[in-house]
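**Student:** Sharing a structure, written as structure tokens. Questions coming.
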Amino acid sequence: MLSLNADLVVYDETVVRFLHDKETSFIQKGLGRLMDSFLVTNAGMVEAINANGCRRMQLNILVLQQNLKNIEADVSLDRAARFFDLFAEGPDAVVKQAQEQKGAGDGGKELFSYDELKTMVELYYSEQLSSPERGISTAAKRAMADHTLQLSEYMWQS
């Protein structure tokens, strides 16, 4: 995350130095939205995460948001922050999020897709699944399968 922040500073300095204001504005517009989407979409690249890792990720999102505000004034990484808040709330909250999204109807845009919510459930159990103790990993597999099934039921019912 530190290297990403450093790269953003270099990126901003380079763009400002070589481009006119109109081109600079065009390139910088939407950078926050791109980062917000990137953090959620690529969360599955994390092999295992626990509560401490989640808190660290939430702090990193806050720091990244502050650095992006130096580039784009009204940037917000709310979607990524909410995604990792769901981790802290547990898999039942992920299922509840799916239920609320479905209950909102087709008029509202989904905050998270089925795949993103499924990734969150998988991340929640990732630490237990990687446990060398067979009982812990087996219990985690069952619980993850149960929450994934509940998630599927809410997301795919018509």
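In the structure tokens, chains take letters A, B, ... by order of appearance, with residues numbered from 1 within each chain and ligands from 1 in the order shown.
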Which residues, written as a PDB file with N, CA and C atoms, in the first residue's frame, have at least one atom at most 8 Å from Val40 of chain A, with only C-alpha atoms counted and residues fewer than 2 positions away on the same chain left out?
**Tutor:**
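Produced file out_31.pdb, reproduced below:
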ATOM      1  N   ASP A  36     -11.566   2.331  -5.879  1.00  0.00           N
ATOM      2  CA  ASP A  36     -12.644   1.755  -5.074  1.00  0.00           C
ATOM      3  C   ASP A  36     -13.071   0.409  -5.651  1.00  0.00           C
ATOM      4  N   SER A  37     -13.262   0.382  -6.945  1.00  0.00           N
ATOM      5  CA  SER A  37     -13.656  -0.853  -7.624  1.00  0.00           C
ATOM      6  C   SER A  37     -12.546  -1.895  -7.577  1.00  0.00           C
ATOM      7  N   PHE A  38     -11.318  -1.453  -7.773  1.00  0.00           N
ATOM      8  CA  PHE A  38     -10.161  -2.352  -7.768  1.00  0.00           C
ATOM      9  C   PHE A  38     -10.005  -3.075  -6.428  1.00  0.00           C
ATOM     10  N   ASN A  42     -10.632  -7.149  -6.583  1.00  0.00           N
ATOM     11  CA  ASN A  42      -9.430  -7.967  -6.415  1.00  0.00           C
ATOM     12  C   ASN A  42      -9.204  -8.458  -4.991  1.00  0.00           C
ATOM     13  N   ALA A  43     -10.210  -8.366  -4.152  1.00  0.00           N
ATOM     14  CA  ALA A  43     -10.084  -8.861  -2.776  1.00  0.00           C
ATOM     15  C   ALA A  43      -9.830 -10.363  -2.747  1.00  0.00           C
ATOM     16  N   ARG A  79     -17.282   2.274  -0.965  1.00  0.00           N
ATOM     17  CA  ARG A  79     -17.646   0.901  -1.326  1.00  0.00           C
ATOM     18  C   ARG A  79     -16.602  -0.089  -0.788  1.00  0.00           C
ATOM     19  N   ALA A  80     -15.331   0.239  -0.958  1.00  0.00           N
ATOM     20  CA  ALA A  80     -14.260  -0.623  -0.442  1.00  0.00           C
ATOM     21  C   ALA A  80     -14.290  -0.661   1.086  1.00  0.00           C
ATOM     22  N   PHE A  83     -17.096  -2.851   2.127  1.00  0.00           N
ATOM     23  CA  PHE A  83     -16.762  -4.247   1.839  1.00  0.00           C
ATOM     24  C   PHE A  83     -15.982  -4.858   3.006  1.00  0.00           C
ATOM     25  N   GLU A 116     -18.713 -10.900  -5.488  1.00  0.00           N
ATOM     26  CA  GLU A 116     -18.007 -10.114  -4.476  1.00  0.00           C
ATOM     27  C   GLU A 116     -18.422 -10.537  -3.063  1.00  0.00           C
TER      28      GLU A 116
END
**Student:** Excluding Met155 of chain A and residues on its chain fewer than 6 positions from it, collect all residues at most 9 Å away from it, counting only C-alpha atoms, and give them as a list in words.
**Tutor:**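 Neighbouring residues, sequence-local ones excluded: Ala98, Gln99, Gln101, Lys102, Ser113 and Tyr114 of chain A.
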**Student:** Pick out the closest residue to Gln66 of chain A from this set: A:Glu13, A:Gly53, A:Asn5, A:Asp85. Count only C-alpha atoms.
**Tutor:**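 Counting only C-alpha atoms, the residue closest to Gln66 of chain A is A:Asn5.
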**Student:** Between A:Arg17, A:Lys141, A:Val9, A:Ser131, which has the minimum distance to Leu68 of chain A (counting only C-alpha atoms)?
**Tutor:**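 Closest candidate: A:Val9.
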**Student:** Out of segment 25-70 of chain A, which residues get helix (DSSP H, G or I) from DSSP, as a PyMOL selection string?
**Tutor:** chain A and resi 25-28+31-41+43-45+51-69
**Student:** Please determine, counting only C-alpha atoms, which residue among A:Met120, A:Leu111, A:Ile61, A:Leu151 has the shortest atom-to-atom distance to Met45 of chain A.
**Tutor:**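 For Met45 of chain A, the nearest of the candidates is A:Met120.
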**Student:** Quick one: residues within 8 Å of Val121 of chain A, only C-alpha atoms counted, chain neighbours fewer than 6 positions away excluded, as a count of residues only?
**Tutor:** 6
**Student:** Atom CA of Gln65 of chain A and atom CA of Thr41 of chain A are how many Å apart?
**Tutor:**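 Taking atom CA of Gln65 of chain A and atom CA of Thr41 of chain A, their separation equals 17.0 Å.
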**Student:** What separation in Å, quoted to one decimal, exists between atom CA of Arg55 of chain A and atom CA of Leu39 of chain A?
**Tutor:** 14.5 Å
